[in-house]
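Asker: Can you keep this structure in mind? I'll have questions shortly.
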Amino acid sequence: MSAAVDAVGILGIGSSLPERVLTNFDLEKMVDTSDEWITKRTGISERRILEKEKAAYELGACAAIKAIEDAGIRPSDIGVVLATTSTPDYLVPSTACLIQEKTGAANAAAFDLNAACTGFVYGLTVAKQFILTGFCKYVLVVACEALSKVVDWKDRNTCVLFGDGAGAFVLGPAEKGFGILDSYLKSDGSQGRVITLPCCHMEEEDIAKRAGKAKNVLWMDGSEVFKFAVKAVTDAIDGLLEKAHIKLEELNLIIPHQANIRIIDGAAKRLKLPDEKIYTNIHKYGNISSASIPVAVEEVVRAKRVKKGDYLLFVAFGGGLTWGSTLVRWNR
Ligand code: COA
């Protein structure tokens, strides 16, 4: 057991993106779409695609190694490796075990958590408990996703939206009043069939939805997900601010899951939020599921857009359906 701590902060950050860029113009040659349609309806210009022979966990391990170096700890100091992914390379072994091996976090427990695109926000909340209770001192949370392996490249409704990438945080003890202050997590399984990615079993409705298409691929009712997402973002922001007794004006930066610029703009309009309080990078990467928040946080930190004491709010939504948010007072 480690000594119980008062606060849990983000001690190290890393990210890793595949080198290969797939632009909207490239997609024009693959499906009946146009750069104009994709840009206008989604805000995406390009996305990164993992080489076919590479695994998502390799991207995750690369992000994790950078986060461990950034935290200035040894891999052997890590007590838990928690991987968030909805595109695991293997169901067994877990992505977390594969990353444990690659990073040399030999003393850690390792497991995966799947809350689709909300996975990283869920993961931070779970990871925090291990440290607060004294189970261990450091937890490595890694989001790694390769949506390119599960989309139907003939389906223009989905293939233009997604990309690949990974991001990681090392969490550990922080000064009281700093770090991860609070979180708000929700799910509604009754609406879950609006985004599906079957694995070991397919029900009749899954087969029907994919009629004429590749079988074990992502399927989505885009407009239903869109409506859910705008409500989910506003609920997760309002809900957490109320729970944590913080006012919207006190937030320095909101880092939302990057799924569609119109979802982000719609939520910002509802909340009357000025543009400079919301970070977006969707034009470069598309939707990289649970990795979108840590990749964005890494960019924000590298660009020196945050300073100690700033209030940051991460907000995400996705399959399940799941949604949630994390409030952080920057501790570095
Ligand atoms: N290129 C050109 N046309 C396309 C297209 C593409 N890539 N994808 C769909 N279309 C067409 C549709 O077939 C439809 O044509 P029709 O009217 O002839 O049937 C038309 O564009 C409009 O479709 P619609 O669904 O109304 O568009 P939209 O404005 O709702 O945008 C999404 C579609 C998918 C971009 C949008 O609904 C969305 O972002 N939803 C949320 C998805 C999401 O974030 N999922 C992940 C959650 S974590």
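Naming works like this for the structure tokens: A, B, ... for the chains as they're shown, residue 1 at the start of each chain, ligands 1 onward in shown order.
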Counting only C-alpha atoms and all ligand atoms, what are the residues, protein, DNA or RNA alike, that approach ligand 1 to within 8 Å? I want them as number ranges by chain.
Answerer: A: 31-34, 37-38, 41-42, 116-118, 156-161, 195, 220-227, 229, 257, 259-260, 262-263, 287, 289, 316-319
Asker: Neighbours of stretch 20-24 of chain A within 6 Å (only C-alpha atoms; same-chain residues fewer than 5 positions away dropped), as JSON, numbers by chain?
Answerer: {"A": [35, 45, 46, 47, 48, 49]}
Asker: Find, counting only C-alpha atoms, the residue in A:Leu181, A:Ile282, A:Leu241, A:Ala236 that gets nearest to A:Thr322.
Answerer: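 Residue with the minimum atom-to-atom distance to A:Thr322: A:Ala236.
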Asker: Taking the chain letters and numbering used in this document, name the residues of stretch 14-207 of chain A that DSSP puts in strand (DSSP E), as a ChimeraX atom specification.
Answerer: /A:14-16,21-23,46-48,78-84,109-113,138-146,164-174,179-187,195-196
Asker: What are the DSSP alpha helix (DSSP H) residues of stretch 58-303 of chain A, as a VMD selection string?
Answerer: chain A and resid 58 to 71 95 to 103 119 to 132 156 to 159 204 to 209 222 to 244 261 to 271 282 to 285 292 to 302
Asker: For A:Lys284, which of A:Ala296, A:Cys144, A:Ala303, A:Ala106 is the closest residue, counting only C-alpha atoms?
Answerer: A:Ala296
Asker: Would you list the contacts of A:Ala168 as number ranges by chain, taking every protein, DNA or RNA residue within 10 Å and counting only C-alpha atoms, but skipping same-chain residues closer than 3 positions in sequence?
Answerer: A: 12-16, 60-68, 82-84, 120, 140-144, 171, 291, 293-295, 297-298
Asker: Measuring atom to atom with only C-alpha atoms, identify which of A:Ala56, A:Val306, A:Val81, A:Val8 is nearest to A:Thr133.
Answerer: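 Under the stated criterion, the closest residue is A:Val8.
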Asker: Could you pull the residues within 9 Å of A:Leu248, counting only C-alpha atoms, minus those fewer than 6 positions along the same chain, as JSON, numbers by chain?
Answerer: {"A": [237, 238, 241, 271, 273]}
Asker: What does the distance between atom CA of A:Gln191 and atom CA of A:Asp112 come to in Å, to one decimal place?
Answerer: 23.2 Å
Asker: Could you work out how far atom CA of A:Val300 lies from atom CA of A:Leu253, giving the answer in Å with one decimal?
Answerer: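 If I compute the distance from atom CA of A:Leu253 to atom CA of A:Val300, I get 9.6 Å.
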